[in-house]
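Trainee: The structure file protein-v4.cif (mmCIF, C-alpha atoms and all ligand atoms) is provided below.
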```
data_my_file
loop_
_atom_site.label_atom_id
_atom_site.label_comp_id
_atom_site.auth_asym_id
_atom_site.auth_seq_id
_atom_site.Cartn_x
_atom_site.Cartn_y
_atom_site.Cartn_z
CA MET A 281 -6.65 -3.46 13.27
CA ILE A 282 -2.97 -4.03 12.49
CA ARG A 283 -0.06 -3.89 14.88
CA LEU A 284 3.67 -4.21 14.42
CA ASP A 285 5.25 -5.13 17.69
CA ASP A 286 9.00 -4.42 17.87
CA VAL A 287 9.54 -5.81 14.38
CA SER A 288 12.90 -6.19 12.69
CA VAL A 289 13.60 -7.51 9.21
CA ARG A 290 17.12 -8.39 8.15
CA PHE A 291 18.09 -9.41 4.63
CA GLU A 292 21.28 -11.41 4.14
CA HIS A 293 23.29 -10.44 1.09
CA ALA A 294 25.93 -12.92 -0.10
CA GLY A 295 29.40 -11.46 0.34
CA ALA A 296 28.11 -8.25 1.91
CA ASN A 297 26.79 -7.09 5.24
CA ALA A 298 23.21 -7.96 6.09
CA VAL A 299 20.72 -5.14 5.51
CA ALA A 300 18.43 -4.16 8.37
CA ALA A 301 15.37 -3.23 6.28
CA LEU A 302 13.47 -2.54 9.51
CA ALA A 303 14.81 -2.29 13.06
CA GLY A 304 12.58 -2.41 16.15
CA VAL A 305 9.50 -0.90 14.53
CA SER A 306 6.30 -0.69 16.61
CA LEU A 307 3.25 0.74 14.92
CA GLU A 308 -0.53 0.51 15.22
CA VAL A 309 -3.15 1.11 12.56
CA ALA A 310 -6.64 1.65 13.95
CA HIS A 311 -9.84 0.31 12.39
CA GLY A 312 -11.07 2.79 9.76
CA GLU A 313 -7.87 4.77 9.82
CA THR A 314 -5.74 5.82 6.86
CA LEU A 315 -2.08 5.62 7.74
CA CYS A 316 0.55 6.80 5.30
CA LEU A 317 4.11 5.46 5.38
CA ILE A 318 6.61 7.92 4.02
CA GLY A 319 10.38 8.00 3.83
CA GLY A 320 13.21 7.92 1.33
CA SER A 321 13.92 5.13 -1.11
CA GLY A 322 15.05 1.98 0.72
CA SER A 323 13.76 3.21 4.09
CA GLY A 324 11.56 0.09 4.54
CA LYS A 325 8.09 1.21 3.42
CA THR A 326 7.36 -1.72 1.10
CA THR A 327 8.80 -4.13 3.67
CA CYS A 328 6.31 -2.76 6.23
CA LEU A 329 3.35 -3.47 3.93
CA ARG A 330 4.62 -6.95 3.08
CA LEU A 331 4.83 -7.77 6.77
CA MET A 332 1.17 -6.89 7.19
CA ASN A 333 -0.09 -9.36 4.57
CA ARG A 334 2.58 -11.92 5.46
CA LEU A 335 4.49 -11.75 2.20
CA GLN A 336 7.46 -11.04 4.45
CA ALA A 337 8.15 -12.70 7.78
CA PRO A 338 9.76 -10.66 10.55
CA SER A 339 13.27 -11.67 11.69
CA SER A 340 12.08 -10.76 15.18
CA GLY A 341 8.97 -9.24 16.72
CA ARG A 342 5.32 -9.88 15.86
CA VAL A 343 2.73 -8.66 13.38
CA LEU A 344 -0.89 -8.75 14.56
CA PHE A 345 -4.10 -8.51 12.53
CA ARG A 346 -7.19 -8.06 14.75
CA ARG A 347 -5.17 -9.35 17.71
CA ASP A 348 -4.02 -12.53 15.92
CA ASP A 349 -0.39 -13.10 15.07
CA VAL A 350 -0.40 -13.20 11.25
CA ALA A 351 2.11 -16.07 11.42
CA GLN A 352 -0.76 -18.18 12.83
CA LEU A 353 -3.32 -17.14 10.19
CA ASP A 354 -4.00 -18.85 6.88
CA PRO A 355 -2.04 -16.63 4.45
CA ILE A 356 -4.61 -17.02 1.65
CA ARG A 357 -7.50 -15.93 3.85
CA LEU A 358 -5.39 -13.11 5.31
CA ARG A 359 -4.63 -11.76 1.83
CA ARG A 360 -8.31 -11.89 0.88
CA SER A 361 -8.98 -9.58 3.83
CA MET A 362 -6.23 -7.22 2.69
CA GLY A 363 -6.33 -5.79 -0.81
CA TYR A 364 -2.81 -5.05 -2.01
CA VAL A 365 -1.87 -2.48 -4.62
CA ILE A 366 1.66 -3.48 -5.55
CA GLN A 367 4.26 -0.84 -6.37
CA GLU A 368 4.34 -0.63 -10.21
CA GLY A 369 1.09 -2.53 -10.68
CA GLY A 370 2.14 -6.17 -10.35
CA LEU A 371 -0.37 -7.44 -12.93
CA PHE A 372 -0.24 -10.89 -14.50
CA PRO A 373 1.11 -10.26 -18.01
CA HIS A 374 -0.66 -13.25 -19.62
CA LEU A 375 -4.11 -12.20 -18.33
CA ASP A 376 -6.15 -9.39 -19.84
CA VAL A 377 -7.48 -6.51 -17.74
CA ARG A 378 -10.80 -8.25 -17.02
CA ALA A 379 -9.10 -11.43 -15.87
CA ASN A 380 -6.58 -9.52 -13.74
CA VAL A 381 -9.28 -7.54 -11.96
CA GLY A 382 -11.65 -10.50 -11.57
CA LEU A 383 -9.03 -13.04 -10.52
CA LEU A 384 -9.78 -13.03 -6.80
CA CYS A 385 -13.54 -13.22 -7.44
CA GLU A 386 -12.91 -16.22 -9.65
CA LEU A 387 -10.79 -17.88 -6.95
CA GLU A 388 -13.68 -17.26 -4.55
CA GLY A 389 -15.92 -19.24 -6.92
CA TRP A 390 -18.22 -16.41 -8.03
CA ASP A 391 -20.31 -17.13 -11.15
CA ARG A 392 -19.42 -15.48 -14.46
CA ALA A 393 -22.19 -12.90 -14.52
CA ARG A 394 -21.40 -11.69 -11.02
CA ILE A 395 -17.68 -11.42 -11.83
CA ALA A 396 -18.41 -9.53 -15.06
CA SER A 397 -20.59 -6.95 -13.35
CA ARG A 398 -18.13 -6.52 -10.46
CA VAL A 399 -15.27 -6.01 -12.94
CA ASP A 400 -17.31 -3.39 -14.85
CA GLU A 401 -17.98 -1.58 -11.58
CA LEU A 402 -14.32 -1.68 -10.51
CA LEU A 403 -13.02 -0.44 -13.86
CA GLU A 404 -15.55 2.37 -13.69
CA LEU A 405 -14.16 3.29 -10.27
CA VAL A 406 -10.66 3.87 -11.71
CA ARG A 407 -11.99 5.45 -14.91
CA LEU A 408 -10.98 2.71 -17.33
CA PRO A 409 -14.18 1.78 -19.22
CA ALA A 410 -14.39 -2.00 -19.59
CA SER A 411 -15.46 -1.63 -23.23
CA ASP A 412 -12.14 0.05 -24.10
CA TYR A 413 -9.76 -1.62 -21.68
CA GLY A 414 -11.24 -4.95 -20.59
CA GLU A 415 -9.68 -7.10 -23.30
CA ARG A 416 -6.24 -5.48 -23.31
CA PHE A 417 -3.17 -7.08 -21.83
CA PRO A 418 -0.92 -5.24 -19.35
CA ALA A 419 1.76 -4.71 -22.02
CA GLU A 420 -0.86 -2.77 -24.03
CA LEU A 421 -1.40 -0.22 -21.25
CA SER A 422 0.50 2.83 -20.09
CA GLY A 423 2.20 2.72 -16.68
CA GLY A 424 -0.54 4.83 -15.11
CA GLU A 425 -3.28 2.64 -16.62
CA ARG A 426 -1.59 -0.47 -15.25
CA GLN A 427 -1.45 1.19 -11.86
CA ARG A 428 -5.18 1.92 -12.00
CA VAL A 429 -5.93 -1.70 -12.93
CA GLY A 430 -3.89 -2.68 -9.87
CA ILE A 431 -6.06 -0.41 -7.70
CA ALA A 432 -9.27 -1.89 -9.16
CA ARG A 433 -8.01 -5.40 -8.45
CA ALA A 434 -7.24 -4.60 -4.81
CA PHE A 435 -10.88 -3.61 -4.22
CA ALA A 436 -12.37 -6.68 -5.92
CA LEU A 437 -13.49 -8.51 -2.77
CA ASP A 438 -14.35 -5.32 -0.89
CA PRO A 439 -11.71 -6.11 1.75
CA PRO A 440 -11.73 -4.43 5.18
CA VAL A 441 -8.06 -3.44 4.72
CA VAL A 442 -6.35 -2.10 1.62
CA LEU A 443 -2.56 -1.80 1.44
CA MET A 444 -1.42 0.55 -1.31
CA ASP A 445 2.22 0.88 -2.34
CA GLU A 446 2.66 4.24 -4.08
CA PRO A 447 -0.67 3.87 -5.89
CA PHE A 448 -0.65 7.37 -7.36
CA GLY A 449 3.04 7.53 -8.26
CA ALA A 450 3.17 7.07 -12.05
CA LEU A 451 0.12 9.17 -12.93
CA ASP A 452 -0.12 12.48 -14.73
CA PRO A 453 -1.19 15.32 -12.41
CA LEU A 454 -4.82 15.37 -13.61
CA THR A 455 -5.37 11.63 -13.24
CA ARG A 456 -3.56 11.69 -9.91
CA GLU A 457 -5.78 14.46 -8.61
CA HIS A 458 -8.84 12.67 -9.87
CA LEU A 459 -7.88 9.41 -8.16
CA GLN A 460 -6.89 11.20 -4.96
CA ARG A 461 -10.34 12.74 -4.90
CA GLU A 462 -11.88 9.33 -5.55
CA PHE A 463 -9.77 7.99 -2.72
CA GLN A 464 -11.32 10.51 -0.33
CA GLY A 465 -14.69 9.11 -1.42
CA TRP A 466 -13.59 5.50 -0.84
CA LYS A 467 -12.42 6.55 2.61
CA SER A 468 -15.58 8.29 3.66
CA ALA A 469 -17.95 5.75 2.07
CA SER A 470 -16.80 2.94 4.34
CA ASP A 471 -14.93 2.21 7.52
CA ARG A 472 -12.17 0.54 5.56
CA THR A 473 -8.62 0.72 6.89
CA PHE A 474 -5.96 1.96 4.48
CA VAL A 475 -2.19 1.75 4.71
CA LEU A 476 -0.72 3.87 1.98
CA VAL A 477 2.89 4.33 0.91
CA SER A 478 3.89 7.64 -0.60
CA HIS A 479 6.98 9.63 -1.42
CA ASP A 480 4.95 12.77 -1.52
CA LEU A 481 4.41 14.63 1.73
CA ARG A 482 1.61 16.75 0.29
CA GLU A 483 -0.26 13.59 -0.74
CA ALA A 484 0.34 12.09 2.70
CA PHE A 485 -0.98 15.19 4.45
CA GLU A 486 -4.05 15.33 2.23
CA LEU A 487 -5.05 11.68 2.33
CA ALA A 488 -3.88 10.27 5.65
CA ASP A 489 -5.18 10.55 9.19
CA ARG A 490 -1.70 9.86 10.49
CA ILE A 491 1.73 9.64 8.95
CA ALA A 492 4.59 7.31 9.83
CA LEU A 493 8.00 8.55 8.76
CA LEU A 494 10.70 5.91 8.20
CA ARG A 495 14.39 6.51 7.85
CA ALA A 496 16.81 3.66 7.07
CA GLY A 497 14.59 1.06 8.72
CA LEU A 498 13.81 3.13 11.80
CA LEU A 499 10.43 4.61 12.57
CA VAL A 500 11.30 8.22 13.30
CA GLN A 501 7.85 9.63 14.06
CA VAL A 502 4.16 8.74 13.83
CA GLY A 503 1.53 11.43 14.09
CA THR A 504 -0.85 13.80 12.38
CA ALA A 505 0.30 16.41 9.88
CA SER A 506 0.38 19.05 12.57
CA ASP A 507 2.39 16.77 14.90
CA LEU A 508 5.06 16.43 12.22
CA LEU A 509 5.00 20.09 11.24
CA GLU A 510 4.77 21.65 14.69
CA ARG A 511 6.44 19.03 16.85
CA PRO A 512 9.03 17.24 14.70
CA ALA A 513 10.72 14.41 16.63
CA ASP A 514 14.17 15.34 15.33
CA ASP A 515 16.08 17.37 12.75
CA TYR A 516 15.43 14.79 10.04
CA VAL A 517 11.65 15.18 10.40
CA ALA A 518 12.04 18.97 10.48
CA THR A 519 14.10 18.90 7.28
CA PHE A 520 11.72 16.43 5.63
CA THR A 521 8.70 18.60 6.36
CA ALA A 522 10.45 21.94 5.78
CA SER A 523 9.85 21.85 2.03
CA PHE A 524 6.13 21.42 2.67
CA ALA A 525 5.93 24.00 5.43
CA GLY A 526 7.69 26.50 3.19
CA ALA A 527 5.44 25.79 0.19
N1 LIG A 601 13.98 -9.33 -0.88
C1 LIG A 601 15.00 -8.55 -0.48
N2 LIG A 601 16.24 -9.06 -0.33
C2 LIG A 601 17.24 -8.30 0.11
N3 LIG A 601 17.14 -7.00 0.44
C3 LIG A 601 15.94 -6.43 0.31
C4 LIG A 601 14.80 -7.17 -0.16
N4 LIG A 601 13.74 -6.34 -0.17
C5 LIG A 601 14.18 -5.15 0.25
N5 LIG A 601 15.50 -5.20 0.55
C6 LIG A 601 16.29 -4.08 1.10
O1 LIG A 601 15.62 -3.62 2.26
C7 LIG A 601 15.62 -2.19 2.33
C8 LIG A 601 14.19 -1.66 2.39
O2 LIG A 601 13.52 -1.95 1.17
P1 LIG A 601 12.03 -1.49 0.87
O3 LIG A 601 11.65 -2.13 -0.42
O4 LIG A 601 11.19 -1.78 2.05
O5 LIG A 601 12.21 0.09 0.70
P2 LIG A 601 11.15 1.22 0.28
O6 LIG A 601 11.10 2.19 1.40
O7 LIG A 601 9.89 0.59 -0.16
O8 LIG A 601 11.89 1.92 -0.96
P3 LIG A 601 11.28 2.58 -2.35
O9 LIG A 601 10.76 3.92 -1.98
O10 LIG A 601 12.49 2.66 -3.23
O11 LIG A 601 10.24 1.65 -2.89
C9 LIG A 601 16.43 -1.73 1.13
O12 LIG A 601 17.74 -1.52 1.53
C10 LIG A 601 16.36 -2.90 0.16
O13 LIG A 601 17.50 -2.94 -0.65
MG MG A 602 8.92 0.48 -2.01
#
```
Show me this structure written as structure tokens.
Mentor:
Amino acid sequence: MIRLDDVSVRFEHAGANAVAALAGVSLEVAHGETLCLIGGSGSGKTTCLRLMNRLQAPSSGRVLFRRDDVAQLDPIRLRRSMGYVIQEGGLFPHLDVRANVGLLCELEGWDRARIASRVDELLELVRLPASDYGERFPAELSGGERQRVGIARAFALDPPVVLMDEPFGALDPLTREHLQREFQGWKSASDRTFVLVSHDLREAFELADRIALLRAGLLVQVGTASDLLERPADDYVATFTASFAGA
């Protein structure tokens, strides 16, 4: 479904050395698969997602979506095929919850009634009743509520791919567990492809079919939970998974 082919991303910083956010990363995500990107802060996880929906261009290498180089695809159409849950919500502050969630439907030219019922359905999905939350603005929500609105928005057009950047990060344990359980339902109810970013190995093991571990822009290992636990590619993977194995 998605393929990174020897991709590097370099960021130039004035007066400092360039940062290699990603170096020679090759990675495939199969149709219907849930792949979780994990790794420390600054290891390149968000950059990986942004390559997939063409918010970031590679410095070298190619990114393919269904065999097409994303550089050749219409970016607007590409992003409508790929829901994106942005790290920390990424809502439009001047739009209320309804308008944020329904924005893509509106851009697609849906009529008002259809948008309204879709928004109700989506807010239900993330447990934010439209009657209580629909007319609020992002500044009037908690961090976790904003995050849930961001999840609802990503599903608006029922896209075949959903990219989620730490979607369960800022939630209290009960809400997180609830949404993780919902996520399992979203996974099994469709053949949608998910690429998920997480800091949390336990979450990755529970939700993902395969895990890709990044370290300082390098892809250290891709595999199932048992691959990482039983056959770590190097000491870093072993150390990273040790806390989980010991738990
Ligand atoms: N637009 C940018 N301009 C310059 N450098 C950037 C830019 N975006 C990211 N970087 C750098 O690229 C590296 C990878 O960043 P990225 O956001 O992909 O990390 P991450 O794994 O998502 O981290 P976190 O877990 O903190 O969200 C970091 O060193 C970061 O400082
Ligand atoms: Mg990030």
Trainee: If I take atom CA of A:Glu368 and atom CA of A:Leu459, how far is one from the other in Å, to one decimal?
Mentor: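 According to the coordinates, atom CA of A:Glu368 and atom CA of A:Leu459 are separated by 15.9 Å.
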Trainee: Can you list, as an NGL selection string, every protein, DNA or RNA residue that comes within 12 Å of A:Pro355 when you count only C-alpha atoms, leaving out same-chain residues fewer than 2 positions away?
Mentor: :A and (330-337 or 345 or 349-353 or 357-362)
Trainee: Which is closer to A:Pro440 than all the others in A:Thr327, A:Thr314, A:Ser340, A:Gln427, using all atoms listed in the file?
Mentor: A:Thr314
Trainee: Find the residues near stretch 501-504 of chain A: any atom within 7 Å, counting only C-alpha atoms, skip ones fewer than 6 places away on the same chain, and give them as an MDAnalysis selection string.
Mentor: chainID A and resid 489:493 513
Trainee: Store the residues picked out above, limited to C-alpha atoms, as a tab-separated table (two decimals), in the coordinates of the input.
Mentor:
```tsv
chain	number	residue	atom	x	y	z
A	489	ASP	CA	-5.18	10.55	9.19
A	490	ARG	CA	-1.70	9.86	10.49
A	491	ILE	CA	1.73	9.64	8.95
A	492	ALA	CA	4.59	7.31	9.83
A	493	LEU	CA	8.00	8.55	8.76
A	513	ALA	CA	10.72	14.41	16.63
```
Trainee: Which protein, DNA or RNA residues have an atom within 8 Å of ligand MG 602 (chain A), counting only C-alpha atoms and all ligand atoms, as a list of chain:residue names?
Mentor: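 Those residues are A:Ser321, A:Gly322, A:Gly324, A:Lys325, A:Thr326, A:Thr327, A:Gln367, A:Asp445, A:Glu446, A:Val477.
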Trainee: Could you tell me how far atom CA of A:Ala496 sits from atom O1 of ligand LIG 601 (chain A), in Å to one decimal place?
Mentor: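 Computing the Euclidean distance for atom O1 of ligand LIG 601 (chain A) and atom CA of A:Ala496 yields 8.8 Å.
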Trainee: Within 8 Å of A:Pro373, counting all atoms listed in the file, which residues show up once you throw out same-chain ones fewer than 2 positions away? Write them as a list in words, please.
Mentor: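 Result of the neighbour search: Leu371, Leu375, Asp376, Phe417, Pro418 and Ala419 of chain A.
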Trainee: Of the candidates A:Phe372, A:Glu425, A:Asp400, A:Arg283, which one gets nearest to A:Arg342 if we count all atoms listed in the file?
Mentor: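 With all atoms listed in the file as the atom set, the closest residue is A:Arg283.
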Trainee: If we count only C-alpha atoms and set the cut-off at 8 Å, which residues sit around A:Thr521, ignoring sequence neighbours fewer than 5 positions away in its own chain? Please answer as a PyMOL selection string.
Mentor: chain A and resi 481+508-509
Trainee: Could you save those same residues with C-alpha atoms as a compact mmCIF listing (two decimals), in the frame of the given file?
Mentor:
```txt
# COMPACT_ATOMS: atom_id res chain seq x y z
CA LEU A 481 4.41 14.63 1.73
CA LEU A 508 5.06 16.43 12.22
CA LEU A 509 5.00 20.09 11.24
```
Trainee: Please indicate the distance in Å from atom CA of A:Ala296 to atom C10 of ligand LIG 601 (chain A), rounded to one decimal place.
Mentor: 13.0 Å
Trainee: Extending 5 Å beyond the listed atoms of stretch 317-327 of chain A on each side, what axis-aligned box results? I want centre and edge lengths in Å to one decimal, as AutoDock Vina command-line options.
Mentor:
```
--center_x 9.6 --center_y 1.9 --center_z 2.1 --size_x 20.9 --size_y 22.1 --size_z 16.5
```
Trainee: Name the closest residue to ligand LIG 601 (chain A) among the candidates A:Leu405, A:Gly424, A:Pro447, A:Arg456; distances are taken between atoms, counting only C-alpha atoms and all ligand atoms.
Mentor: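 Closest to ligand LIG 601 (chain A) of all the choices is A:Pro447.
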Trainee: Within 10 Å of A:Asp471, counting only C-alpha atoms, which residues qualify if same-chain residues fewer than 5 places away don't, as a PyMOL selection string?
Mentor: chain A and resi 311-314+440-441+466
Trainee: Rank A:Thr519, A:Arg347, A:Leu384, A:Asp480 by their smallest atom-to-atom distance to A:Met281, using all atoms listed in the file, and report the top residue only.
Mentor: A:Arg347
